[in-house]
$ cat work_18.txt   # compact mmCIF, C-alpha atoms and all ligand atoms
# COMPACT_ATOMS: atom_id res chain seq x y z
CA MET A 1 -10.88 19.74 -1.73
CA THR A 2 -8.03 22.18 -1.18
CA GLU A 3 -6.98 24.19 -4.23
CA TRP A 4 -3.28 24.84 -4.55
CA LEU A 5 -1.12 27.43 -6.24
CA LEU A 6 2.59 26.53 -6.40
CA ARG A 7 4.26 29.77 -7.40
CA GLY A 8 7.36 30.00 -9.57
CA VAL A 9 8.17 26.33 -9.52
CA ARG A 10 10.93 25.03 -11.80
CA LEU A 11 10.10 22.18 -14.19
CA ALA A 12 12.36 19.44 -15.55
CA ASP A 13 12.83 21.29 -18.85
CA GLY A 14 14.26 24.30 -16.98
CA GLY A 15 11.15 26.48 -17.39
CA ARG A 16 9.42 28.22 -14.50
CA ARG A 17 5.69 28.13 -13.99
CA ASP A 18 2.89 28.67 -11.52
CA LEU A 19 1.17 25.33 -11.04
CA ALA A 20 -2.50 25.48 -10.11
CA ILE A 21 -4.35 22.46 -8.74
CA LYS A 22 -8.13 22.32 -8.63
CA GLY A 23 -10.06 19.10 -8.02
CA GLU A 24 -8.09 16.30 -9.62
CA LEU A 25 -6.58 18.44 -12.35
CA LEU A 26 -3.95 21.01 -13.13
CA VAL A 27 -5.69 24.21 -14.23
CA GLU A 28 -4.83 27.79 -15.15
CA ALA A 29 -4.07 29.93 -12.08
CA ALA A 30 -6.99 32.19 -13.06
CA ASP A 31 -9.39 29.25 -12.54
CA LEU A 32 -8.65 29.00 -8.81
CA GLY A 33 -11.01 30.34 -6.18
CA PRO A 34 -10.05 32.94 -3.55
CA ASN A 35 -9.40 30.31 -0.85
CA ARG A 36 -6.63 28.53 -2.72
CA ARG A 37 -3.53 27.76 -0.73
CA ALA A 38 -0.51 29.52 -2.19
CA VAL A 39 3.04 28.23 -1.76
CA GLU A 40 6.13 30.24 -2.67
CA ALA A 41 8.00 27.55 -4.54
CA ASP A 42 11.05 29.60 -5.47
CA GLY A 43 14.05 27.27 -5.74
CA LEU A 44 11.78 24.23 -5.73
CA MET A 45 11.03 21.89 -8.60
CA ALA A 46 7.97 19.92 -9.64
CA LEU A 47 8.15 16.62 -11.47
CA PRO A 48 5.33 14.40 -12.74
CA GLY A 49 4.41 11.80 -10.09
CA LEU A 50 6.75 8.82 -10.18
CA VAL A 51 5.52 5.42 -11.34
CA ASP A 52 6.93 2.22 -9.86
CA LEU A 53 6.66 -0.87 -12.03
CA HIS A 54 7.85 -3.19 -9.28
CA THR A 55 6.45 -2.91 -5.75
CA HIS A 56 5.85 -5.69 -3.25
CA LEU A 57 2.91 -4.49 -1.15
CA ARG A 58 2.58 -7.91 0.59
CA GLN A 59 -1.18 -7.70 0.98
CA PRO A 60 -2.88 -10.16 1.12
CA GLY A 61 -1.01 -12.54 3.37
CA GLY A 62 2.08 -10.60 4.42
CA GLU A 63 0.51 -7.73 6.37
CA GLU A 64 3.15 -7.87 9.08
CA ALA A 65 5.72 -6.76 6.54
CA GLU A 66 3.60 -4.25 4.57
CA THR A 67 0.05 -3.42 3.58
CA VAL A 68 -1.49 -1.57 0.69
CA ALA A 69 -1.95 1.40 3.02
CA SER A 70 1.57 1.44 4.51
CA GLY A 71 3.33 0.63 1.23
CA THR A 72 1.54 3.34 -0.71
CA ARG A 73 2.16 5.86 2.09
CA ALA A 74 5.85 5.07 1.70
CA ALA A 75 5.39 5.43 -2.05
CA ALA A 76 3.80 8.87 -1.64
CA ARG A 77 6.67 9.97 0.58
CA GLY A 78 9.04 8.85 -2.16
CA GLY A 79 7.21 10.95 -4.77
CA TYR A 80 5.25 8.09 -6.35
CA THR A 81 1.67 8.36 -7.57
CA ALA A 82 1.37 4.81 -8.92
CA CYS A 83 2.67 1.38 -7.92
CA PHE A 84 2.45 -1.94 -9.71
CA ALA A 85 1.81 -4.48 -6.95
CA MET A 86 3.66 -7.72 -7.55
CA ALA A 87 1.71 -10.97 -7.62
CA ASN A 88 3.76 -13.03 -5.11
CA THR A 89 1.31 -12.49 -2.28
CA ASP A 90 -0.60 -15.15 -0.32
CA PRO A 91 -2.85 -16.00 -2.08
CA VAL A 92 -1.05 -15.23 -5.34
CA THR A 93 -2.69 -12.75 -7.72
CA ASP A 94 -3.36 -15.36 -10.38
CA THR A 95 -7.10 -14.98 -11.04
CA GLY A 96 -9.33 -12.21 -12.32
CA GLU A 97 -11.05 -12.15 -8.96
CA ALA A 98 -7.83 -11.73 -6.99
CA ALA A 99 -6.77 -8.89 -9.30
CA SER A 100 -10.13 -7.11 -8.90
CA HIS A 101 -9.96 -7.55 -5.17
CA LEU A 102 -6.50 -5.98 -4.96
CA ALA A 103 -7.49 -3.11 -7.25
CA ASP A 104 -10.51 -2.44 -4.98
CA LEU A 105 -8.32 -2.50 -1.92
CA GLY A 106 -6.02 -0.01 -3.62
CA ARG A 107 -8.93 2.32 -4.38
CA ARG A 108 -10.13 2.15 -0.78
CA GLU A 109 -6.85 2.31 1.10
CA GLY A 110 -4.16 3.45 -1.32
CA TRP A 111 -2.18 6.67 -1.07
CA ALA A 112 -1.26 6.14 -4.70
CA GLU A 113 -2.74 4.27 -7.63
CA VAL A 114 -2.38 0.51 -7.13
CA ARG A 115 -2.21 -1.54 -10.32
CA PRO A 116 -2.22 -5.28 -9.75
CA VAL A 117 0.43 -7.30 -11.56
CA GLY A 118 -0.96 -10.71 -12.54
CA ALA A 119 0.97 -13.94 -12.13
CA ILE A 120 2.11 -15.61 -15.35
CA THR A 121 1.60 -19.11 -13.96
CA LYS A 122 -0.85 -20.51 -11.42
CA GLY A 123 0.52 -20.20 -7.91
CA LEU A 124 3.83 -18.98 -9.44
CA ALA A 125 4.56 -22.69 -9.89
CA GLY A 126 5.88 -22.26 -13.42
CA GLN A 127 3.71 -25.02 -14.92
CA GLU A 128 0.23 -23.90 -15.97
CA LEU A 129 -0.69 -20.46 -17.28
CA ALA A 130 -2.71 -18.35 -14.83
CA GLU A 131 -6.01 -16.71 -15.83
CA LEU A 132 -4.24 -14.22 -18.07
CA GLY A 133 -7.33 -13.26 -20.09
CA LEU A 134 -9.61 -12.86 -17.08
CA MET A 135 -6.98 -10.82 -15.27
CA HIS A 136 -6.66 -8.62 -18.33
CA ARG A 137 -10.42 -8.08 -18.26
CA ALA A 138 -10.00 -7.07 -14.62
CA GLY A 139 -7.57 -4.35 -15.74
CA VAL A 140 -4.20 -6.14 -15.64
CA ASP A 141 -1.68 -5.45 -18.41
CA LEU A 142 1.54 -6.48 -16.70
CA PHE A 143 2.18 -10.09 -15.73
CA SER A 144 5.01 -11.49 -13.66
CA ASP A 145 5.96 -14.48 -11.51
CA ASP A 146 8.47 -12.18 -9.80
CA GLY A 147 10.29 -13.69 -6.91
CA ARG A 148 10.52 -16.65 -9.26
CA CYS A 149 11.58 -16.97 -12.87
CA VAL A 150 9.54 -18.85 -15.46
CA GLN A 151 12.05 -21.64 -16.00
CA ASN A 152 10.22 -23.57 -18.70
CA ALA A 153 10.80 -22.03 -22.14
CA GLN A 154 7.64 -23.56 -23.58
CA VAL A 155 5.50 -22.07 -20.80
CA MET A 156 7.15 -18.69 -21.39
CA ARG A 157 6.53 -19.01 -25.13
CA ARG A 158 2.83 -19.75 -24.63
CA ALA A 159 2.47 -16.86 -22.20
CA LEU A 160 4.13 -14.43 -24.65
CA GLU A 161 1.78 -15.61 -27.40
CA TYR A 162 -1.26 -15.32 -25.14
CA VAL A 163 -0.65 -11.78 -23.88
CA LYS A 164 0.32 -10.58 -27.34
CA ASP A 165 -3.35 -10.83 -28.35
CA PHE A 166 -4.35 -8.08 -25.96
CA GLY A 167 -1.12 -6.09 -25.82
CA GLY A 168 -0.01 -7.42 -22.41
CA VAL A 169 3.56 -7.42 -21.14
CA LEU A 170 5.49 -10.20 -19.38
CA ALA A 171 7.88 -8.92 -16.70
CA GLN A 172 10.45 -11.60 -16.10
CA HIS A 173 12.55 -12.10 -12.97
CA SER A 174 15.48 -13.56 -14.89
CA GLN A 175 17.17 -16.26 -12.84
CA ASP A 176 18.19 -19.71 -14.04
CA ASP A 177 17.48 -21.99 -11.08
CA ASP A 178 20.24 -24.43 -12.00
CA LEU A 179 22.93 -21.76 -12.25
CA ALA A 180 21.62 -19.83 -9.22
CA GLY A 181 19.70 -22.24 -7.06
CA PRO A 182 17.73 -21.65 -3.84
CA GLY A 183 20.80 -21.00 -1.64
CA ALA A 184 22.54 -18.65 -4.11
CA CYS A 185 22.86 -15.28 -2.43
CA CYS A 186 26.09 -13.51 -3.39
CA HIS A 187 27.48 -12.29 -6.68
CA GLU A 188 30.00 -14.89 -7.87
CA SER A 189 33.21 -13.08 -7.07
CA ALA A 190 36.40 -13.09 -4.99
CA ILE A 191 34.55 -11.39 -2.12
CA GLY A 192 31.80 -14.00 -2.25
CA GLY A 193 34.36 -16.79 -2.17
CA ARG A 194 36.10 -15.24 0.82
CA LEU A 195 32.79 -14.76 2.65
CA GLY A 196 31.87 -18.37 1.86
CA LEU A 197 28.48 -17.44 0.40
CA PRO A 198 26.86 -19.57 -2.34
CA PRO A 199 27.46 -17.94 -5.72
CA TRP A 200 24.83 -16.27 -7.93
CA PRO A 201 26.69 -15.79 -11.23
CA PRO A 202 25.66 -13.04 -13.68
CA ALA A 203 25.16 -15.75 -16.30
CA ALA A 204 22.18 -17.08 -14.32
CA GLU A 205 20.47 -13.82 -15.24
CA SER A 206 21.80 -13.22 -18.75
CA ALA A 207 21.15 -16.80 -19.90
CA ILE A 208 17.44 -16.26 -19.23
CA VAL A 209 17.51 -12.78 -20.80
CA ALA A 210 19.05 -14.32 -23.96
CA ARG A 211 16.48 -17.11 -24.00
CA ASP A 212 13.58 -14.74 -23.53
CA ILE A 213 14.82 -12.44 -26.28
CA GLU A 214 14.80 -15.46 -28.58
CA LEU A 215 11.22 -16.18 -27.51
CA VAL A 216 10.29 -12.58 -28.29
CA ARG A 217 11.82 -13.03 -31.75
CA LEU A 218 9.77 -16.18 -32.17
CA THR A 219 6.44 -14.85 -30.90
CA GLY A 220 6.46 -11.06 -31.18
CA GLY A 221 5.18 -10.95 -27.58
CA ARG A 222 6.28 -8.14 -25.32
CA LEU A 223 8.98 -8.70 -22.67
CA HIS A 224 10.03 -6.49 -19.78
CA VAL A 225 13.22 -7.50 -17.98
CA CYS A 226 12.96 -6.90 -14.23
CA HIS A 227 15.82 -5.60 -12.08
CA VAL A 228 18.70 -5.98 -14.55
CA SER A 229 21.86 -6.49 -12.51
CA SER A 230 24.65 -7.38 -14.92
CA ALA A 231 26.68 -5.91 -17.75
CA GLU A 232 26.04 -9.06 -19.79
CA SER A 233 22.25 -8.60 -19.59
CA VAL A 234 22.69 -4.98 -20.67
CA ASP A 235 24.59 -6.16 -23.77
CA LEU A 236 21.79 -8.54 -24.69
CA ILE A 237 19.06 -5.94 -24.20
CA ARG A 238 21.03 -3.49 -26.34
CA TRP A 239 21.23 -6.17 -29.02
CA ALA A 240 17.48 -6.78 -28.87
CA LYS A 241 16.66 -3.08 -29.07
CA ALA A 242 18.96 -2.60 -32.04
CA ARG A 243 16.72 -5.15 -33.79
CA ARG A 244 13.60 -3.31 -32.69
CA LEU A 245 12.28 -6.23 -30.69
CA PRO A 246 9.56 -5.35 -28.15
CA VAL A 247 11.85 -5.57 -25.12
CA THR A 248 12.10 -3.11 -22.23
CA ALA A 249 14.08 -3.21 -19.01
CA GLU A 250 14.30 -1.76 -15.52
CA VAL A 251 17.08 -1.24 -12.99
CA THR A 252 16.69 -0.81 -9.23
CA PRO A 253 18.15 2.06 -7.20
CA HIS A 254 20.10 -0.42 -5.08
CA HIS A 255 21.87 -1.91 -8.08
CA LEU A 256 22.86 1.61 -9.16
CA LEU A 257 24.37 2.60 -5.81
CA LEU A 258 25.30 -0.44 -3.75
CA GLY A 259 27.69 -3.34 -4.37
CA THR A 260 29.01 -6.67 -3.16
CA VAL A 261 31.19 -4.88 -0.59
CA GLU A 262 28.08 -4.26 1.54
CA LEU A 263 27.99 -7.98 2.28
CA GLU A 264 31.26 -7.90 4.27
CA GLY A 265 29.36 -7.68 7.58
CA TYR A 266 26.88 -10.43 6.67
CA ASP A 267 24.04 -7.96 7.27
CA THR A 268 21.03 -9.66 5.69
CA THR A 269 19.49 -6.29 4.84
CA TYR A 270 21.77 -6.42 1.81
CA LYS A 271 20.60 -9.83 0.68
CA VAL A 272 18.57 -9.32 -2.47
CA ASN A 273 17.66 -11.15 -5.63
CA PRO A 274 19.41 -10.62 -8.00
CA PRO A 275 22.37 -9.84 -5.74
CA LEU A 276 24.36 -6.64 -5.45
CA ARG A 277 27.32 -6.91 -7.80
CA THR A 278 30.67 -5.21 -8.43
CA GLU A 279 31.34 -1.62 -9.46
CA GLU A 280 31.94 -2.79 -13.04
CA HIS A 281 28.35 -4.04 -13.25
CA SER A 282 26.87 -1.01 -11.46
CA GLU A 283 28.72 1.25 -13.87
CA ALA A 284 27.31 -0.64 -16.87
CA LEU A 285 23.82 -0.22 -15.38
CA ARG A 286 24.27 3.51 -14.82
CA GLN A 287 25.52 3.89 -18.39
CA ALA A 288 22.62 1.85 -19.76
CA LEU A 289 20.10 3.92 -17.81
CA ALA A 290 21.68 7.11 -19.14
CA ASP A 291 21.65 5.99 -22.77
CA GLY A 292 18.20 4.38 -22.68
CA VAL A 293 19.13 0.71 -23.08
CA ILE A 294 17.48 0.44 -19.68
CA ASP A 295 14.13 2.22 -19.95
CA ALA A 296 13.08 2.66 -16.35
CA VAL A 297 13.99 2.71 -12.70
CA ALA A 298 11.84 0.36 -10.59
CA THR A 299 12.26 -0.06 -6.86
CA ASP A 300 11.66 -3.79 -6.23
CA HIS A 301 10.55 -2.47 -2.83
CA ALA A 302 10.58 -5.78 -0.91
CA PRO A 303 9.54 -5.37 2.73
CA HIS A 304 10.34 -8.18 5.16
CA THR A 305 9.77 -8.63 8.89
CA PRO A 306 12.81 -8.84 11.18
CA GLN A 307 11.90 -12.51 11.75
CA ASP A 308 12.31 -13.20 8.03
CA LYS A 309 15.65 -11.38 7.89
CA ASP A 310 17.13 -12.55 11.20
CA HIS A 311 18.74 -15.74 9.91
CA PRO A 312 22.12 -16.82 8.55
CA PHE A 313 22.81 -14.98 5.31
CA ASP A 314 22.11 -17.89 2.98
CA VAL A 315 18.76 -18.64 4.68
CA ALA A 316 17.35 -15.11 5.24
CA ARG A 317 14.68 -13.85 2.83
CA PRO A 318 16.01 -11.75 -0.07
CA GLY A 319 14.81 -8.21 -0.61
CA MET A 320 15.19 -4.61 0.57
CA ILE A 321 12.84 -1.65 0.69
CA GLY A 322 13.31 1.28 -1.67
CA LEU A 323 10.26 3.45 -2.31
CA GLU A 324 11.21 6.29 0.02
CA GLN A 325 14.81 6.68 -1.19
CA ALA A 326 14.54 5.77 -4.88
CA LEU A 327 14.43 9.35 -6.13
CA ALA A 328 17.29 10.29 -3.78
CA VAL A 329 19.46 7.46 -5.11
CA VAL A 330 18.78 8.26 -8.75
CA LEU A 331 19.48 11.91 -8.03
CA GLU A 332 22.75 11.01 -6.31
CA THR A 333 24.02 8.47 -8.86
CA MET A 334 22.70 9.93 -12.11
CA VAL A 335 21.78 13.62 -11.92
CA LEU A 336 24.30 15.06 -9.45
CA THR A 337 27.07 13.17 -11.28
CA GLY A 338 25.99 14.75 -14.58
CA ARG A 339 25.10 11.46 -16.26
CA MET A 340 21.46 12.38 -16.73
CA ASP A 341 19.47 15.60 -16.75
CA TRP A 342 16.11 16.23 -15.09
CA SER A 343 14.18 15.40 -18.24
CA GLY A 344 16.01 12.09 -18.34
CA LEU A 345 15.05 11.39 -14.75
CA VAL A 346 11.38 12.16 -15.49
CA GLU A 347 11.49 9.86 -18.51
CA ARG A 348 13.04 6.95 -16.57
CA MET A 349 11.05 7.28 -13.34
CA SER A 350 7.68 8.50 -14.60
CA ALA A 351 6.95 8.62 -18.34
CA ALA A 352 8.62 5.35 -19.43
CA PRO A 353 7.23 3.23 -16.59
CA ALA A 354 3.78 4.71 -17.26
CA ARG A 355 4.04 3.66 -20.91
CA ILE A 356 5.39 0.19 -20.12
CA GLY A 357 2.62 -0.35 -17.56
CA ARG A 358 -0.06 1.03 -19.92
CA VAL A 359 -1.14 3.88 -17.64
CA SER A 360 0.31 6.72 -19.70
CA ASP A 361 -3.14 8.16 -20.37
CA HIS A 362 -3.18 9.51 -16.80
CA GLN A 363 0.26 8.92 -15.21
CA GLY A 364 3.64 10.29 -16.27
CA ARG A 365 1.92 13.20 -18.04
CA PRO A 366 3.52 16.62 -18.60
CA LEU A 367 2.64 19.20 -15.94
CA GLU A 368 0.20 21.26 -17.97
CA PRO A 369 -3.34 22.60 -17.44
CA GLY A 370 -5.89 19.91 -18.21
CA GLN A 371 -3.65 17.06 -17.06
CA PRO A 372 -4.27 15.03 -13.89
CA ALA A 373 -2.60 16.70 -10.88
CA ASN A 374 -0.09 13.90 -10.22
CA LEU A 375 3.15 15.52 -9.19
CA VAL A 376 5.97 15.70 -6.69
CA LEU A 377 7.37 18.93 -5.31
CA ILE A 378 11.08 18.66 -4.52
CA ASP A 379 14.01 20.55 -3.11
CA PRO A 380 16.97 19.10 -5.02
CA GLN A 381 19.49 20.62 -2.56
CA ARG A 382 18.16 19.16 0.67
CA ARG A 383 20.11 16.23 2.18
CA ARG A 384 19.73 14.05 5.25
CA THR A 385 21.19 10.97 6.86
CA VAL A 386 18.68 8.18 6.27
CA ASP A 387 17.13 6.81 9.46
CA LYS A 388 15.20 3.60 8.98
CA ALA A 389 13.20 4.28 12.15
CA THR A 390 11.39 7.18 10.46
CA SER A 391 10.21 5.14 7.48
CA LEU A 392 6.52 5.07 6.58
CA SER A 393 6.95 1.50 5.40
CA LEU A 394 6.17 -1.07 8.09
CA ALA A 395 9.45 -2.77 7.25
CA ARG A 396 12.91 -1.82 8.42
CA ASN A 397 15.09 -3.62 5.87
CA ASN A 398 16.33 -0.30 4.54
CA PRO A 399 19.73 -0.61 2.84
CA TYR A 400 20.33 3.16 2.95
CA HIS A 401 20.12 3.45 6.73
CA GLY A 402 22.93 5.71 7.99
CA ARG A 403 23.83 7.07 4.55
CA ASP A 404 23.94 10.73 3.71
CA LEU A 405 21.65 11.13 0.68
CA PRO A 406 19.50 13.78 -0.96
CA ASP A 407 16.14 14.19 0.80
CA PRO A 408 14.28 15.95 -1.98
CA VAL A 409 10.57 15.18 -1.54
CA LEU A 410 8.55 17.97 0.09
CA ALA A 411 5.08 17.00 -1.06
CA THR A 412 3.34 14.59 -3.38
CA PHE A 413 -0.01 15.20 -5.04
CA TRP A 414 -2.08 12.38 -6.44
CA ARG A 415 -5.28 13.29 -8.28
CA GLY A 416 -5.04 16.73 -6.76
CA ARG A 417 -4.79 15.54 -3.17
CA ALA A 418 -1.64 15.96 -1.03
CA THR A 419 -0.72 12.35 -0.26
CA TYR A 420 2.48 13.42 1.44
CA GLY A 421 3.49 16.77 2.92
CA GLY A 422 0.70 19.25 2.53
CA ASP A 423 0.85 20.80 5.96
CA ASP A 424 4.51 21.30 6.57
CA PHE A 425 6.36 21.87 3.34
O1 LIG B 1 15.00 -9.76 -3.43
C1 LIG B 1 13.90 -10.01 -3.88
N1 LIG B 1 12.81 -9.96 -3.11
N2 LIG B 1 13.78 -10.31 -5.17
C2 LIG B 1 12.62 -10.75 -5.67
O2 LIG B 1 12.56 -11.05 -6.83
C3 LIG B 1 11.42 -10.93 -4.83
C4 LIG B 1 11.50 -10.05 -3.66
C5 LIG B 1 10.51 -10.39 -2.59
O3 LIG B 1 9.35 -10.66 -2.92
O4 LIG B 1 10.86 -10.36 -1.42
ZN ZN B 2 12.41 -10.18 -8.76

$ encode --input "work_18.txt" --output "structure tokens" --more "lines below"
Ligand code: DOR
Ligand code: ZN
Amino acid sequence: MTEWLLRGVRLADGGRRDLAIKGELLVEAADLGPNRRAVEADGLMALPGLVDLHTHLRQPGGEEAETVASGTRAAARGGYTACFAMANTDPVTDTGEAASHLADLGRREGWAEVRPVGAITKGLAGQELAELGLMHRAGVDLFSDDGRCVQNAQVMRRALEYVKDFGGVLAQHSQDDDLAGPGACCHESAIGGRLGLPPWPPAAESAIVARDIELVRLTGGRLHVCHVSSAESVDLIRWAKARRLPVTAEVTPHHLLLGTVELEGYDTTYKVNPPLRTEEHSEALRQALADGVIDAVATDHAPHTPQDKDHPFDVARPGMIGLEQALAVVLETMVLTGRMDWSGLVERMSAAPARIGRVSDHQGRPLEPGQPANLVLIDPQRRRTVDKATSLSLARNNPYHGRDLPDPVLATFWRGRATYGGDDF
């Protein structure tokens, strides 16, 4: 395996260091052999590999939209070294066997670590608990019916109690199906009314967040709130954290940068669940991410085929891809605006998701000798107009197409191997 010496690289804390990679580990430069590849990394930065708590890899069953191989290649290009693969595949990841199978596939074909997320309920149907214990034995710590919300409070209560025994986490896609039903697709707003799109009010999210926080108070089970999209949900999560309840939350890059205005052209690329909202909500999310009420950035990378997107807006499938531009968007909205420093970015995109997903023994680690060589080498100055045609994802539902954004990632190393870049950075 190639040994690497990245000379004079800047770290998130502002320090400069030579980073030496040998085998799967970071080592002292003196430990490298004479054939190591040296890179002058002056002006470049290295960050711990990013960890995505919310990736739809679509395999099994949706291989036309994405596979474990293509999705994790996109992840590597985005600077990620680990992805949590959501359970809403076909078949659903709701058994120990399905989880083991996906983990194996990840080991064979992944360009990053693939951690299966287990379903909370069988078939995501919201009725009967899935094989939570068996999935845990197969290595699953994070459970979610994502794509759907667990509507039944009693089912959610039982699931929180169950996973509490082994320290599991329930990641909830918070959406009240009566307030935001199947056709709901646009933030309830003046624009939505004018466009004639069925409304998805913020309360459909925050009502579930409030309910689940009450269930956490009741059970002591651990809750993670997926893709928070509203100021009201932020208020509730702040309230829960002030009471030291075991609640964490994530925000997506698209909810930080994009808004309801994108829907003006009825381009279904911008249809996503929960929907893009107004600047007031995005601003609350950026603030919450800066002050830690929201713990992590997660992509909700949701690849779809053109056939699934090429429909009237209210019928098209919701979801947009995000792995390749997530770091760029967080850089643009949070770091370049001075809201967050580099250490904050590392915490929200690497260390905190690694802790929440229970992989912090080997992911999201500081870049020091003895640690696994999971890292991303970046040029924070580089920019480019995003072109969806060049994506490594199989899908083309890229909401950043045509935007001028940072293009920071030069190379990604996972367990010492260059999973992106390598030859030409
Ligand atoms: O927009 C979304 N797409 N939101 C979800 O919760 C699920 C996802 C998907 O699987 O396509
Ligand atoms: Zn979701």

$ atom_distance --input "work_18.txt" --atom1 "CA of Glu262 (chain A)" --atom2 "CA of Arg317 (chain A)"
16.5 Å

$ closest_residue --input "work_18.txt" --among "A:Gln59, A:Ser391, A:Gln127, A:Ser174" --to "ligand ZN 2 (chain B)" --atoms "only C-alpha atoms and all ligand atoms"
A:Ser174

$ closest_residue --input "work_18.txt" --among "A:Ala29, A:Val117, A:Val39, A:Ala87" --to "Gly422 (chain A)" --atoms "all atoms listed in the file"
A:Val39

$ closest_residue --input "work_18.txt" --among "A:Gly344, A:Gly15, A:Gly319, A:Pro306" --to "ligand ZN 2 (chain B)" --atoms "all atoms listed in the file"
A:Gly319

$ atom_distance --input "work_18.txt" --atom1 "CA of Leu258 (chain A)" --atom2 "CA of Ala296 (chain A)"
17.8 Å

$ residues_around --input "work_18.txt" --residues "Leu336 (chain A)" --least-positions-apart "3" --cutoff "12 Å" --atoms "all atoms listed in the file" --output "ChimeraX atom specification"
/A:327-333,339-342,345,380-381,405-406

$ closest_residue --input "work_18.txt" --among "A:His173, A:Lys388, A:Arg383, A:Arg211" --to "ligand ZN 2 (chain B)" --atoms "all atoms listed in the file"
A:His173

$ atom_distance --input "work_18.txt" --atom1 "CA of Leu6 (chain A)" --atom2 "CA of Pro34 (chain A)"
14.5 Å

$ residues_near_ligand --input "work_18.txt" --ligand "ligand ZN 2 (chain B)" --cutoff "12 Å" --atoms "only C-alpha atoms and all ligand atoms" --output "VMD selection string"
chain A and resid 53 to 56 86 to 88 144 to 150 171 to 175 205 224 to 229 250 to 252 272 to 275 298 to 302 318 to 320

$ closest_residue --input "work_18.txt" --among "A:Ala85, A:Ala395, A:Ile237, A:Ala74" --to "Thr412 (chain A)" --atoms "all atoms listed in the file"
A:Ala74

$ closest_residue --input "work_18.txt" --among "A:Gly62, A:Gly370, A:Gly416, A:Gly357" --to "ligand LIG 1 (chain B)" --atoms "all atoms listed in the file"
A:Gly62

$ residues_around --input "work_18.txt" --residues "Arg37 (chain A)" --least-positions-apart "4" --cutoff "12 Å" --atoms "all atoms listed in the file" --output "list in words"
Met1, Thr2, Glu3, Trp4, Leu5, Leu6, Arg7, Leu19, Ala20, Ile21, Lys22, Ala29, Leu32, Gly33, Ala418, Gly422 and Asp423 of chain A

$ residues_around --input "work_18.txt" --residues "Thr278 (chain A)" --least-positions-apart "5" --cutoff "12 Å" --atoms "all atoms listed in the file" --output "PDB file with C-alpha atoms, in the frame of the given file"
ATOM      1  CA  CYS A 186      26.090 -13.510  -3.390  1.00  0.00           C
ATOM      2  CA  HIS A 187      27.480 -12.290  -6.680  1.00  0.00           C
ATOM      3  CA  GLU A 188      30.000 -14.890  -7.870  1.00  0.00           C
ATOM      4  CA  SER A 189      33.210 -13.080  -7.070  1.00  0.00           C
ATOM      5  CA  ALA A 190      36.400 -13.090  -4.990  1.00  0.00           C
ATOM      6  CA  ILE A 191      34.550 -11.390  -2.120  1.00  0.00           C
ATOM      7  CA  GLY A 192      31.800 -14.000  -2.250  1.00  0.00           C
ATOM      8  CA  PRO A 201      26.690 -15.790 -11.230  1.00  0.00           C
ATOM      9  CA  PRO A 202      25.660 -13.040 -13.680  1.00  0.00           C
ATOM     10  CA  SER A 229      21.860  -6.490 -12.510  1.00  0.00           C
ATOM     11  CA  SER A 230      24.650  -7.380 -14.920  1.00  0.00           C
ATOM     12  CA  ALA A 231      26.680  -5.910 -17.750  1.00  0.00           C
ATOM     13  CA  HIS A 255      21.870  -1.910  -8.080  1.00  0.00           C
ATOM     14  CA  LEU A 256      22.860   1.610  -9.160  1.00  0.00           C
ATOM     15  CA  LEU A 257      24.370   2.600  -5.810  1.00  0.00           C
ATOM     16  CA  LEU A 258      25.300  -0.440  -3.750  1.00  0.00           C
ATOM     17  CA  GLY A 259      27.690  -3.340  -4.370  1.00  0.00           C
ATOM     18  CA  THR A 260      29.010  -6.670  -3.160  1.00  0.00           C
ATOM     19  CA  VAL A 261      31.190  -4.880  -0.590  1.00  0.00           C
ATOM     20  CA  GLU A 262      28.080  -4.260   1.540  1.00  0.00           C
ATOM     21  CA  LEU A 263      27.990  -7.980   2.280  1.00  0.00           C
ATOM     22  CA  GLU A 283      28.720   1.250 -13.870  1.00  0.00           C
ATOM     23  CA  ALA A 284      27.310  -0.640 -16.870  1.00  0.00           C
ATOM     24  CA  LEU A 285      23.820  -0.220 -15.380  1.00  0.00           C
TER      25      LEU A 285
END

$ build_atoms --input "work_18.txt" --residues "region 364-370 of chain A" --atoms "N, CA and C atoms" --output "mmCIF file, in the coordinates of the input"
data_model
loop_
_atom_site.group_PDB
_atom_site.id
_atom_site.type_symbol
_atom_site.label_atom_id
_atom_site.label_comp_id
_atom_site.auth_asym_id
_atom_site.auth_seq_id
_atom_site.Cartn_x
_atom_site.Cartn_y
_atom_site.Cartn_z
ATOM 1 N N GLY A 364 2.455 9.921 -15.495
ATOM 2 C CA GLY A 364 3.640 10.290 -16.270
ATOM 3 C C GLY A 364 3.350 11.355 -17.316
ATOM 4 N N ARG A 365 2.311 12.171 -17.070
ATOM 5 C CA ARG A 365 1.920 13.200 -18.040
ATOM 6 C C ARG A 365 2.734 14.488 -17.790
ATOM 7 N N PRO A 366 2.884 15.316 -18.816
ATOM 8 C CA PRO A 366 3.520 16.620 -18.600
ATOM 9 C C PRO A 366 2.691 17.480 -17.653
ATOM 10 N N LEU A 367 3.356 18.373 -16.919
ATOM 11 C CA LEU A 367 2.640 19.200 -15.940
ATOM 12 C C LEU A 367 2.045 20.420 -16.641
ATOM 13 N N GLU A 368 0.875 20.204 -17.220
ATOM 14 C CA GLU A 368 0.200 21.260 -17.970
ATOM 15 C C GLU A 368 -1.275 21.314 -17.593
ATOM 16 N N PRO A 369 -1.896 22.500 -17.720
ATOM 17 C CA PRO A 369 -3.340 22.600 -17.440
ATOM 18 C C PRO A 369 -4.105 21.554 -18.237
ATOM 19 N N GLY A 370 -5.086 20.947 -17.564
ATOM 20 C CA GLY A 370 -5.890 19.910 -18.210
ATOM 21 C C GLY A 370 -5.421 18.508 -17.888
#
